[in-house]
Every structure is written in structure tokens, then in C-alpha cells.
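Enquirer: Pasting work_13.cif below, which is mmCIF, C-alpha atoms and all ligand atoms.
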```
data_protein
loop_
_atom_site.group_PDB
_atom_site.id
_atom_site.type_symbol
_atom_site.label_atom_id
_atom_site.label_comp_id
_atom_site.auth_asym_id
_atom_site.auth_seq_id
_atom_site.Cartn_x
_atom_site.Cartn_y
_atom_site.Cartn_z
ATOM 1 C CA MET A 1 0.000 0.000 0.000
ATOM 2 C CA ASN A 2 1.242 3.477 -0.902
ATOM 3 C CA GLN A 3 -0.606 6.709 -0.211
ATOM 4 C CA MET A 4 -0.262 10.445 -0.741
ATOM 5 C CA GLU A 5 -2.213 13.581 0.025
ATOM 6 C CA VAL A 6 -1.726 17.039 -1.503
ATOM 7 C CA SER A 7 -3.553 20.293 -0.871
ATOM 8 C CA PHE A 8 -3.312 23.363 -3.124
ATOM 9 C CA SER A 9 -4.967 26.742 -3.768
ATOM 10 C CA ALA A 10 -8.085 26.807 -5.924
ATOM 11 C CA ILE A 11 -6.561 28.537 -8.940
ATOM 12 C CA LEU A 12 -6.544 27.069 -12.450
ATOM 13 C CA ASP A 13 -2.744 27.418 -12.683
ATOM 14 C CA ASN A 14 -2.597 24.487 -10.243
ATOM 15 C CA GLU A 15 -4.479 22.130 -12.561
ATOM 16 C CA ASN A 16 -1.226 21.126 -14.223
ATOM 17 C CA PHE A 17 0.472 20.678 -10.833
ATOM 18 C CA ALA A 18 -2.275 18.238 -9.857
ATOM 19 C CA ARG A 19 -2.093 16.308 -13.151
ATOM 20 C CA THR A 20 1.676 16.007 -12.978
ATOM 21 C CA THR A 21 1.666 15.021 -9.296
ATOM 22 C CA VAL A 22 -0.783 12.173 -9.895
ATOM 23 C CA ALA A 23 1.130 10.955 -12.955
ATOM 24 C CA THR A 24 4.436 11.088 -11.066
ATOM 25 C CA PHE A 25 3.016 9.123 -8.142
ATOM 26 C CA LEU A 26 1.983 6.377 -10.595
ATOM 27 C CA THR A 27 5.394 6.193 -12.296
ATOM 28 C CA PRO A 28 6.802 3.303 -10.174
ATOM 29 C CA LEU A 29 3.918 1.146 -11.425
ATOM 30 C CA ASN A 30 5.122 1.605 -14.988
ATOM 31 C CA PRO A 31 1.799 2.736 -16.526
ATOM 32 C CA THR A 32 1.326 2.845 -20.294
ATOM 33 C CA ILE A 33 1.234 6.221 -22.088
ATOM 34 C CA ASP A 34 -2.496 5.722 -22.591
ATOM 35 C CA GLU A 35 -3.015 5.128 -18.876
ATOM 36 C CA ILE A 36 -1.046 8.281 -18.015
ATOM 37 C CA ILE A 37 -3.139 10.313 -20.467
ATOM 38 C CA GLU A 38 -6.343 8.875 -19.009
ATOM 39 C CA TRP A 39 -5.328 9.672 -15.430
ATOM 40 C CA LYS A 40 -4.273 13.191 -16.397
ATOM 41 C CA THR A 41 -7.615 13.749 -18.105
ATOM 42 C CA ILE A 42 -9.498 12.492 -15.040
ATOM 43 C CA VAL A 43 -7.501 14.790 -12.737
ATOM 44 C CA SER A 44 -7.988 17.810 -15.025
ATOM 45 C CA GLU A 45 -11.748 17.405 -15.132
ATOM 46 C CA ALA A 46 -12.127 16.732 -11.396
ATOM 47 C CA VAL A 47 -9.773 19.496 -10.249
ATOM 48 C CA SER A 48 -11.132 22.122 -12.651
ATOM 49 C CA ASN A 49 -14.659 21.346 -11.403
ATOM 50 C CA ALA A 50 -13.562 21.815 -7.780
ATOM 51 C CA ILE A 51 -11.844 25.110 -8.618
ATOM 52 C CA ILE A 52 -14.516 26.562 -10.912
ATOM 53 C CA HIS A 53 -17.827 25.136 -9.692
ATOM 54 C CA GLY A 54 -16.907 24.411 -6.079
ATOM 55 C CA TYR A 55 -14.937 27.539 -5.274
ATOM 56 C CA ASN A 56 -15.595 30.027 -8.095
ATOM 57 C CA GLN A 57 -11.784 30.278 -8.357
ATOM 58 C CA ASN A 58 -11.367 31.679 -4.842
ATOM 59 C CA SER A 59 -7.587 31.459 -4.296
ATOM 60 C CA GLU A 60 -8.020 31.401 -0.514
ATOM 61 C CA CYS A 61 -9.684 27.976 -0.730
ATOM 62 C CA PHE A 62 -7.999 24.581 -1.010
ATOM 63 C CA VAL A 63 -8.502 21.521 -3.162
ATOM 64 C CA VAL A 64 -7.325 18.242 -1.624
ATOM 65 C CA ILE A 65 -6.309 15.216 -3.646
ATOM 66 C CA LYS A 66 -5.513 11.853 -2.104
ATOM 67 C CA MET A 67 -4.269 8.693 -3.756
ATOM 68 C CA LYS A 68 -4.129 5.150 -2.522
ATOM 69 C CA ILE A 69 -2.327 2.398 -4.410
ATOM 70 C CA GLU A 70 -2.887 -1.244 -3.502
ATOM 71 C CA GLY A 71 -1.292 -3.603 -5.960
ATOM 72 C CA ARG A 72 -2.420 -2.161 -9.302
ATOM 73 C CA GLN A 73 -5.652 -0.747 -7.929
ATOM 74 C CA ILE A 74 -5.670 3.037 -7.741
ATOM 75 C CA GLN A 75 -8.117 5.133 -5.760
ATOM 76 C CA LEU A 76 -8.096 8.917 -6.230
ATOM 77 C CA THR A 77 -10.223 11.301 -4.211
ATOM 78 C CA VAL A 78 -10.637 14.940 -5.206
ATOM 79 C CA GLN A 79 -12.262 17.039 -2.517
ATOM 80 C CA ASP A 80 -13.398 20.626 -2.160
ATOM 81 C CA TYR A 81 -15.148 22.404 0.693
ATOM 82 C CA GLY A 82 -17.137 24.637 -1.637
ATOM 83 C CA LYS A 83 -20.694 25.168 -2.692
ATOM 84 C CA GLY A 84 -21.734 21.538 -3.270
ATOM 85 C CA ILE A 85 -23.902 19.961 -5.966
ATOM 86 C CA GLU A 86 -27.664 20.529 -6.004
ATOM 87 C CA ASN A 87 -28.743 17.911 -8.538
ATOM 88 C CA LEU A 88 -26.599 14.954 -7.623
ATOM 89 C CA GLU A 89 -28.737 12.588 -9.738
ATOM 90 C CA GLU A 90 -28.365 14.753 -12.860
ATOM 91 C CA VAL A 91 -24.722 15.861 -12.872
ATOM 92 C CA LYS A 92 -23.377 12.689 -14.484
ATOM 93 C CA THR A 93 -25.738 13.163 -17.441
ATOM 94 C CA PRO A 94 -23.857 14.058 -20.649
ATOM 95 C CA PHE A 95 -24.058 17.792 -21.458
ATOM 96 C CA TYR A 96 -25.517 18.681 -18.038
ATOM 97 C CA THR A 97 -23.895 21.939 -16.931
ATOM 98 C CA THR A 98 -24.751 24.884 -14.724
ATOM 99 C CA ALA A 99 -22.131 27.022 -16.490
ATOM 100 C CA LYS A 100 -23.587 27.726 -19.885
ATOM 101 C CA ASP A 101 -20.665 29.014 -21.882
ATOM 102 C CA LEU A 102 -18.584 27.490 -24.648
ATOM 103 C CA GLU A 103 -15.834 26.243 -22.368
ATOM 104 C CA HIS A 104 -18.269 24.189 -20.287
ATOM 105 C CA ALA A 105 -19.790 21.528 -22.437
ATOM 106 C CA GLY A 106 -21.029 19.569 -19.428
ATOM 107 C CA MET A 107 -18.921 16.523 -20.296
ATOM 108 C CA GLY A 108 -16.382 16.518 -17.438
ATOM 109 C CA LEU A 109 -18.086 14.028 -15.129
ATOM 110 C CA THR A 110 -19.189 11.907 -18.094
ATOM 111 C CA ILE A 111 -15.566 11.713 -19.256
ATOM 112 C CA ILE A 112 -14.393 10.728 -15.763
ATOM 113 C CA GLU A 113 -17.062 8.052 -15.520
ATOM 114 C CA THR A 114 -16.088 6.671 -18.938
ATOM 115 C CA LEU A 115 -12.339 6.549 -18.221
ATOM 116 C CA ALA A 116 -12.576 5.274 -14.648
ATOM 117 C CA ASP A 117 -13.717 1.850 -13.483
ATOM 118 C CA ARG A 118 -15.916 3.579 -10.921
ATOM 119 C CA LEU A 119 -16.944 7.139 -9.982
ATOM 120 C CA GLU A 120 -18.696 7.946 -6.700
ATOM 121 C CA ILE A 121 -19.797 11.477 -5.873
ATOM 122 C CA GLU A 122 -20.552 12.638 -2.349
ATOM 123 C CA SER A 123 -21.768 16.209 -2.062
ATOM 124 C CA VAL A 124 -23.546 18.409 0.461
ATOM 125 C CA ILE A 125 -24.685 21.955 -0.287
ATOM 126 C CA ASN A 126 -22.299 24.513 1.216
ATOM 127 C CA ILE A 127 -20.180 21.736 2.750
ATOM 128 C CA GLY A 128 -18.448 20.512 -0.373
ATOM 129 C CA THR A 129 -17.948 17.754 -2.888
ATOM 130 C CA LYS A 130 -15.845 14.614 -2.911
ATOM 131 C CA LEU A 131 -15.179 12.484 -5.975
ATOM 132 C CA ILE A 132 -13.934 8.952 -5.351
ATOM 133 C CA ILE A 133 -12.441 7.515 -8.514
ATOM 134 C CA THR A 134 -11.156 3.961 -8.822
ATOM 135 C CA LYS A 135 -9.326 2.535 -11.797
ATOM 136 C CA ASN A 136 -7.005 -0.422 -12.083
ATOM 137 C CA LEU A 137 -3.754 -0.264 -14.004
ATOM 138 C CA LYS A 138 -3.282 -3.045 -16.525
ATOM 139 C CA ASP A 139 -1.134 -5.938 -15.440
ATOM 140 C CA HIS A 140 1.818 -5.824 -17.839
ATOM 141 C CA ASP A 141 2.686 -9.476 -17.288
ATOM 142 C CA THR A 142 -0.572 -10.528 -18.912
ATOM 143 C CA ILE A 143 -0.182 -8.402 -22.057
HETATM 144 N N1 LIG B 1 -16.889 20.226 -7.385
HETATM 145 C C1 LIG B 1 -18.091 20.685 -7.759
HETATM 146 N N2 LIG B 1 -18.758 21.567 -6.975
HETATM 147 C C2 LIG B 1 -19.975 22.040 -7.339
HETATM 148 N N3 LIG B 1 -20.618 21.687 -8.488
HETATM 149 C C3 LIG B 1 -19.995 20.818 -9.308
HETATM 150 C C4 LIG B 1 -18.703 20.267 -8.992
HETATM 151 N N4 LIG B 1 -18.359 19.411 -10.000
HETATM 152 C C5 LIG B 1 -19.359 19.435 -10.881
HETATM 153 N N5 LIG B 1 -20.349 20.277 -10.476
HETATM 154 C C6 LIG B 1 -21.635 20.520 -11.165
HETATM 155 O O1 LIG B 1 -21.811 19.509 -12.138
HETATM 156 C C7 LIG B 1 -21.974 20.096 -13.439
HETATM 157 C C8 LIG B 1 -21.389 19.172 -14.483
HETATM 158 O O2 LIG B 1 -19.968 19.097 -14.383
HETATM 159 P P1 LIG B 1 -19.145 18.677 -15.673
HETATM 160 O O3 LIG B 1 -19.720 17.395 -16.193
HETATM 161 O O4 LIG B 1 -17.688 18.691 -15.359
HETATM 162 O O5 LIG B 1 -19.505 19.815 -16.720
HETATM 163 P P2 LIG B 1 -18.986 21.334 -16.769
HETATM 164 O O6 LIG B 1 -17.832 21.488 -15.845
HETATM 165 O O7 LIG B 1 -18.593 21.492 -18.207
HETATM 166 O O8 LIG B 1 -20.180 22.176 -16.367
HETATM 167 C C9 LIG B 1 -21.317 21.458 -13.337
HETATM 168 O O9 LIG B 1 -21.836 22.374 -14.280
HETATM 169 C C10 LIG B 1 -21.666 21.850 -11.913
HETATM 170 O O10 LIG B 1 -22.982 22.339 -11.812
HETATM 171 MG MG MG B 2 -16.242 20.240 -15.690
#
```
What do you get writing this file as C-alpha cells?
Expert:
Amino acid sequence: MNQMEVSFSAILDNENFARTTVATFLTPLNPTIDEIIEWKTIVSEAVSNAIIHGYNQNSECFVVIKMKIEGRQIQLTVQDYGKGIENLEEVKTPFYTTAKDLEHAGMGLTIIETLADRLEIESVINIGTKLIITKNLKDHDTI
């Protein structure tokens, strides 16, 4: 078992820090390029949601990411203590968004759900939102 926890300010400049940190933590497991790209995409979507929707880009707030590795099973949690999700049943629906501009196509959570083995969302209004994402790395010996 190997674990890490990182906390950073809710500014979009830190999205790349989060992506790179997660990818680096996975490096000893020798992931494929495709797996690295998938994890980076998952982190981008989850962290940008926390920063934009959770915190409205308030730099005084913090996003927390935690990772747990057991064998080749990876669990990532992305947590904010922001505004929370009102329609928890609807948010995973493709194209559902509360930010109706061109940059927000409403596909972030759908993309995470597609790339991950499992996506759980826990959210309470004005308490915050936690995404629990699990995804196994391929076993290279069996390829
Ligand atoms: N961390 C969060 N805090 C509050 N609301 C969120 C959070 N993540 C997602 N949401 C809500 O879920 C909706 C869908 O998210 P997503 O699928 O990533 O689409 P988009 O970010 O393009 O709107 C968002 O528009 C927002 O209303
Ligand atoms: Mg999004």
C-alpha cells in the first residue's frame, strides 16, 4: 500500500500541478502512455470542477487530492469544501452543466465516468464535494 495527500490553492494554474503530481506518483507502477493520459484527463476534469464550480476560483480555498495504491488498484479522491452539488442525480448526465458558456460543455463528469472503473460522488450543499475515482492499471505481465 502506498498513499499520498496534496492540498493546493483553488486557482486554475494548479491544474497542471495536480495532473503532474498524480502521474508522477503512478510512475513506479510503470503505466502505459495511454493510462497516463487517461489519469491526467481524469484529474484535469475533477480538479477544474472543484476550482470553478466548487470555489468560483477563490484562491483562498484549497482543493485536496488523495491517492491510494494497492497492488495495481488506484483510488483517487478529489475534494473541495465549496458550494456543493444541487442535482446529484443529474450531474453525471452528458451535457448537463450549470455554467452555460462554450468552455463548459457539461462533459467533465461523463468523461471521468467513462475513463474510470468507478466514480462515486458525495456532495452536500455549502459543505463541499468529494469524488472517489477507482481505476485499475493493466497488469503488464498478462499483455
Ligand atoms: N466540485 C463541484 N462543486 C460544485 N458543483 C460541481 C462540482 N463538479 C461538478 N459540479 C456541477 O456539475 C456540473 C457538471 O460538471 P461537468 O460534467 O464537469 O460539466 P462542466 O464542468 O462542463 O459544467 C457542473 O456544471 C456543476 O454544476
Ligand atoms: Mg467540468
Enquirer: Please return, as a CSV table (one decimal) with C-alpha atoms, keeping the file's coordinate frame, all polymer residues that have at least one atom within 10 Å of the point (-4.5, 9.2, 1.1); use only C-alpha atoms and the file's own coordinate frame.
Expert:
```csv
chain,number,residue,atom,x,y,z
A,2,ASN,CA,1.2,3.5,-0.9
A,3,GLN,CA,-0.6,6.7,-0.2
A,4,MET,CA,-0.3,10.4,-0.7
A,5,GLU,CA,-2.2,13.6,0.0
A,6,VAL,CA,-1.7,17.0,-1.5
A,64,VAL,CA,-7.3,18.2,-1.6
A,65,ILE,CA,-6.3,15.2,-3.6
A,66,LYS,CA,-5.5,11.9,-2.1
A,67,MET,CA,-4.3,8.7,-3.8
A,68,LYS,CA,-4.1,5.2,-2.5
A,69,ILE,CA,-2.3,2.4,-4.4
A,75,GLN,CA,-8.1,5.1,-5.8
A,76,LEU,CA,-8.1,8.9,-6.2
A,77,THR,CA,-10.2,11.3,-4.2
```
Enquirer: Fewer than 4 positions away in the same chain doesn't count, so skip those; otherwise give me all residues within 9 Å of Leu109 (chain A), counting only C-alpha atoms, as number ranges by chain.
Expert: A: 42, 45-46, 49, 91-94, 113-114, 119
Enquirer: Around ligand LIG 1 (chain B), at most 9 Å away and counting all atoms listed in the file, which residues are there? Put them as a PyMOL selection string, please.
Expert: chain A and resi 45-55+78-88+90-112+123+125+128-131
Enquirer: Can you tell me how far CA of Lys40 (chain A) sits from CA of Ile132 (chain A), in Å to one decimal?
Expert: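 So the two atoms, CA of Lys40 (chain A) and CA of Ile132 (chain A), lie 15.3 Å apart.
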Enquirer: Calculate how many Å separate CA of Thr21 (chain A) from CA of Phe62 (chain A), rounding to one decimal.
Expert: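 That distance, rounded to one decimal, is 15.9 Å.
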Enquirer: Could you tell me which of A:Thr32, A:Thr24, A:Asn14, A:Ser44 comes closest to ligand MG 2 (chain B) if we count only C-alpha atoms and all ligand atoms?
Expert: A:Ser44
Enquirer: What is the CA of Asn136 (chain A) to CA of Arg19 (chain A) distance in Å?
Expert: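 So the two atoms, CA of Asn136 (chain A) and CA of Arg19 (chain A), lie 17.5 Å apart.
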Enquirer: Using all atoms listed in the file, which of the listed residues (A:Val43, A:Val63, A:Ile127, A:Val22) sits closest to Ser7 (chain A)?
Expert: A:Val63
Enquirer: If the PyMOL selection byres (((chain A and resi 134) around 6) and not hetatm) is run on the structure shown, which residues does it catch, given as a PyMOL selection string?
Expert: chain A and resi 74-75+117-118+133+135
Enquirer: Return the single residue from A:Gln73, A:Ala18, A:Glu89, A:Gln57 that is closest to Pro31 (chain A), with distances computed using all atoms listed in the file.
Expert: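 With all atoms listed in the file as the atom set, the closest residue is A:Gln73.
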